[in-house]
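K.L.:
Pasting a structure here, questions to come.
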Amino acid sequence: MKRTLAFLTLLGILVKGMLAATPPDEGMWLLMFLGEKNYEAMKDKGLQLTAEQIYSINNSSMKDAVVGLGSGMMVPEGFFCTGEIISDQGLVLTNHHCGFDIVQQHSTLEHDYLTDGFWAKSKKEELANEDLSMSILVRMDDVTKQVLENVNDDMSDGERQETIAAAKKKIEREASEKGKYDVIVKDFFDGNEFYLFVYITYLDVRLVGAPPSSIGKFGGDTDNWMWPRHTGDFSMFRIYTDPDGNPAKYSEENVPLKPKYYFPISLDGVHKGDFSMIMGFPGTTTRYLTSHGVKLALDESNPAVVKIRDKKLDIIRSYMNADPKIKLQYASKYAQTANYWKYFIGQTKGLKRWKVYDERKALEDEFVAWVDKDSKRKDKYGGCIDEIAQGYSQLEKYNLSLKYLEEAVFQGPEFIYFSFGVFQLYGSLKAQDEAGKKEKEKYNAGIKSMASIFDASLEDHFKNYNASVDKDLFVALMEMYYNDIPQEQHPSVFKDVQGKKFKGSFRAWGDYVFAESIFVNEEKLRAFLANPQYDVLAEDPGWQITMSMVETIRNVYGNISSVEDQINHGSRLFLAGMREMQPERVFYPDANSTLRLTYGTIQDYYPADAVHYDFRTTLAGVMEKEDPKVDEFIVEPKLKELYAEKDFGPYAENGVLYTCFLSDNDITGGNSGSPVINGKGELIGIAFDGNWESMSGDIDFEPSVQRTISVDIRYVMFVIDKFAGAQNLIDEMTFSKKEK
């Protein structure tokens, strides 16, 4: 379905409401169903592979070369980015912004890899990363029948959830094969279906290469989410295993992974209309969100997030501009905050532009009319829309408070979330303090162990921490929280600010907290952990704030838990009914950080009246954007030399070096770093962004403007080869090019 801007919004709403089938370019599809749901459409667009070559559990296939990037406890619940294996020695490509935090952790003022780039010219130079893992999907299975085996319609929603949770736990335990695999059962279609995902997770992942930020982050926040784009957004890692090929923690004895499959690299480039597909781990979409959810996002959630992050960015930016050390310390934090600050601005614009609320409301009215025409349907689905509406009406009472707790508190001043790391230690100290004299000693070993574990985290935390920045964040965000949230929902600690000591001054409160708390001073905190005392922790003003905020968010969750159950129950019935009402439509499940495939073609687009964007950019555009006075648009001298000499190696096309391109593939956060693949199964690019006009895409896919921005794989190879001189990396890859 295409739209010209002459017809535009009205026609789009009417057509989309009447569509009998989902457009083939839209959808984040489960790989196990490609053969029966998508394969013929993919062949029509240019796919030259079999479905078995894409996904197989018995033979090597492309899914074996796609990795999910994880950190700590998030595996296998979710992956923050995607990567792809590109050699028989476990070499992995992903985005520069996916590896940004890792590169920053390895950087110092003396060895600033963010600014200068990093290239390991041998495997011995590759850098280990303790908290980074990469997971590969072994298989997925439909376990809906097993999960719902003991569920019946007479159960309350709470009983249903308990029964489902028990069934999921049993399936996961059996599938893990005694810890060999990371496994998870996830629900789909708002709890109507359930699938098991089995992963093998590799724990020894080493940094191999990253271009300087002037290439990997070219355009910075200004170009973020924008087209045209000229960013070389890539970094490189390598997976290591033990000598027998099994996952293992870092060891000098480990060897590079021998993958089941790796992607060959195409040097043929992309052209309009070419087939393209992307495999990766998209994070979250809400394509079946009702009008009530859209309204809440438009009226309250998005504006709150933007307002809070705007303040955070202003404060951090002022310090980064004044101090090179702080600029390095906060580079990753600033980028993470800025990314979704801009995203939510764009999402709001898109939802309004495409009148998504009106569209969803019309669909719900159609659904209610369909339900009312049949008594059996009324018994099953009647009232579910009202149930959702009532749930959102109650949710609105606490939604803003929850957003402030999430954004201004636990993602605001760092000491609050950081100090929560001693929660268990606090519990043991409290229990020891309350125990009798003869019982106190039994707590000593546990207290010592917990203190030691937390102490081990201090170096990494304080390396990238500045108390002055954190204090300004604390003062500004707490005052904003106080002013914008109803008093009856305030954390109890706010009463201290209004007392005689601070007389309503958040600045005075901040000065006191940062002068007295152990959590904003590494020396004080280490002294405490060397000899933990209950009174010291209990009376610490920073810890008191943390405990008050934890109590507050628990209260908020307590108030909305039943409301969310109500919304979820109504949504489950609504989506089940929708699938019954539109039997000819091929539904796809919302993204939930599980491996998906999207397919489409290389395409340009028309973002507005009389405006046309071509489908690819060139290195010439980098030179046109150069501004030596602005960090975001600095161009490396060597890059300018290569451009001037047209020294592009085999990576140019008719003397032109292309940098980025567009496709109409359907992606979202988590897809960053995903392989973009041609019809022959060759790597043509790395997905790294969406375009500004499609920011509402997580809620509503708009085919006329929805585009994926990818870095051309030839530009990646050019940077590795000609710019970095990392011939050792080029030598281990496999290249493909048509003979002329």
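Chain labels follow the order of the structure tokens: the first chain is A, the next B, and so on; residue numbering restarts at 1 in every chain, and ligands are counted from 1 in their shown order.
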Which parts of range 158-345 of chain A does DSSP call helix (DSSP H, G or I) when run on the backbone here, written out as a PyMOL selection string?

P.N.:
chain A and resi 158-175+213-216+220-223+291-322+324-329+331-345

K.L.:
Compile a residue-level contact table for range 496-607 of chain A against range 651-670 of chain A at a cut-off of 12 Å, reporting for every qualifying residue the shortest atom pair and its distance in Å to one decimal, with only C-alpha atoms counted, rows ordered by chain and ascending number, as JSON lines.

P.N.:
```
{"residue": "A:Tyr588", "atom": "CA", "partner": "A:Asp666", "partner_atom": "CA", "distance": 11.8}
{"residue": "A:Asp590", "atom": "CA", "partner": "A:Thr668", "partner_atom": "CA", "distance": 10.7}
{"residue": "A:Ala591", "atom": "CA", "partner": "A:Thr668", "partner_atom": "CA", "distance": 8.3}
{"residue": "A:Asn592", "atom": "CA", "partner": "A:Gly670", "partner_atom": "CA", "distance": 9.4}
{"residue": "A:Ser593", "atom": "CA", "partner": "A:Gly670", "partner_atom": "CA", "distance": 6.9}
{"residue": "A:Thr594", "atom": "CA", "partner": "A:Gly670", "partner_atom": "CA", "distance": 9.5}
{"residue": "A:Leu595", "atom": "CA", "partner": "A:Gly670", "partner_atom": "CA", "distance": 10.0}
{"residue": "A:Arg596", "atom": "CA", "partner": "A:Ile667", "partner_atom": "CA", "distance": 9.3}
{"residue": "A:Leu597", "atom": "CA", "partner": "A:Asp666", "partner_atom": "CA", "distance": 8.8}
{"residue": "A:Thr598", "atom": "CA", "partner": "A:Asn665", "partner_atom": "CA", "distance": 5.7}
{"residue": "A:Tyr599", "atom": "CA", "partner": "A:Asn665", "partner_atom": "CA", "distance": 5.6}
{"residue": "A:Gly600", "atom": "CA", "partner": "A:Asn665", "partner_atom": "CA", "distance": 5.3}
{"residue": "A:Thr601", "atom": "CA", "partner": "A:Ser663", "partner_atom": "CA", "distance": 5.6}
{"residue": "A:Ile602", "atom": "CA", "partner": "A:Ser663", "partner_atom": "CA", "distance": 4.1}
{"residue": "A:Gln603", "atom": "CA", "partner": "A:Ser663", "partner_atom": "CA", "distance": 5.1}
{"residue": "A:Asp604", "atom": "CA", "partner": "A:Leu662", "partner_atom": "CA", "distance": 6.6}
{"residue": "A:Tyr605", "atom": "CA", "partner": "A:Leu662", "partner_atom": "CA", "distance": 8.9}
```

K.L.:
If we count only C-alpha atoms and set the cut-off at 9 Å, which residues sit around Asp540 in chain A, ignoring sequence neighbours fewer than 6 positions away in its own chain? Please answer as a PyMOL selection string.

P.N.:
chain A and resi 513+516-519

K.L.:
If we count only C-alpha atoms and set the cut-off at 9 Å, which residues sit around range 311-325 of chain A, ignoring sequence neighbours fewer than 3 positions away in its own chain? Please answer as a compact mmCIF listing (two decimals) with N, CA and C atoms, in the first residue's frame.

P.N.:
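Everything below was put into out.txt:
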```
# COMPACT_ATOMS: atom_id res chain seq x y z
N THR A 108 40.61 6.11 28.12
CA THR A 108 41.13 7.04 29.12
C THR A 108 41.54 8.31 28.37
N LEU A 109 41.92 9.35 29.11
CA LEU A 109 42.40 10.55 28.44
C LEU A 109 43.67 10.26 27.64
N VAL A 306 10.00 13.51 27.53
CA VAL A 306 10.75 14.54 26.81
C VAL A 306 11.16 15.67 27.75
N LYS A 307 10.26 16.10 28.61
CA LYS A 307 10.55 17.20 29.54
C LYS A 307 11.68 16.83 30.50
N ILE A 308 11.61 15.64 31.07
CA ILE A 308 12.62 15.21 32.04
C ILE A 308 13.98 15.04 31.35
N LEU A 328 34.33 12.68 28.33
CA LEU A 328 34.62 11.26 28.12
C LEU A 328 33.80 10.40 29.08
N GLN A 329 33.72 10.81 30.35
CA GLN A 329 32.99 10.05 31.35
C GLN A 329 31.51 9.89 31.00
N TYR A 330 30.92 10.95 30.47
CA TYR A 330 29.47 10.98 30.28
C TYR A 330 29.04 10.81 28.83
N ALA A 331 29.98 10.49 27.94
CA ALA A 331 29.65 10.37 26.52
C ALA A 331 28.57 9.32 26.28
N LYS A 333 26.48 7.92 28.54
CA LYS A 333 25.25 8.26 29.27
C LYS A 333 24.45 9.31 28.52
N TYR A 334 25.15 10.31 28.01
CA TYR A 334 24.48 11.38 27.28
C TYR A 334 23.82 10.81 26.01
N THR A 337 20.63 8.84 26.77
CA THR A 337 19.51 9.71 27.14
C THR A 337 18.98 10.46 25.93
N ALA A 338 19.89 10.97 25.10
CA ALA A 338 19.48 11.77 23.95
C ALA A 338 18.73 10.95 22.92
N ALA A 408 13.05 10.41 36.24
CA ALA A 408 13.72 11.45 37.04
C ALA A 408 14.42 10.87 38.26
N GLY A 412 17.73 9.10 36.81
CA GLY A 412 18.14 10.48 37.02
C GLY A 412 19.49 10.55 37.69
N SER A 468 29.53 16.52 41.05
CA SER A 468 28.93 17.82 40.75
C SER A 468 27.82 17.69 39.71
N VAL A 469 28.07 16.86 38.69
CA VAL A 469 27.03 16.60 37.69
C VAL A 469 25.83 15.95 38.36
N ASP A 470 26.11 14.95 39.18
CA ASP A 470 25.03 14.20 39.81
C ASP A 470 24.22 15.08 40.76
N ASP A 472 23.71 18.36 40.53
CA ASP A 472 22.85 19.24 39.75
C ASP A 472 21.66 18.49 39.17
N LEU A 473 21.89 17.25 38.75
CA LEU A 473 20.78 16.42 38.28
C LEU A 473 19.78 16.17 39.41
N ALA A 476 17.74 19.48 40.29
CA ALA A 476 16.79 19.89 39.25
C ALA A 476 15.65 18.89 39.08
N LEU A 477 15.98 17.59 39.07
CA LEU A 477 14.96 16.58 38.80
C LEU A 477 14.05 16.36 39.99
```

K.L.:
Show me, as a ChimeraX atom specification, the residues that have an atom within 7 Å of range 195-212 of chain A when counting only C-alpha atoms, minus same-chain residues fewer than 2 positions from it.

P.N.:
/A:96,113-120,126-129,132-144,181-187,193,214-216,234-241,247-250

K.L.:
Name the closest residue to Ile634 in chain A among the candidates A:Gln104, A:Thr231, A:Gln146, A:Thr734; distances are taken between atoms, counting only C-alpha atoms.

P.N.:
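Nearest to Ile634 in chain A: A:Thr231.
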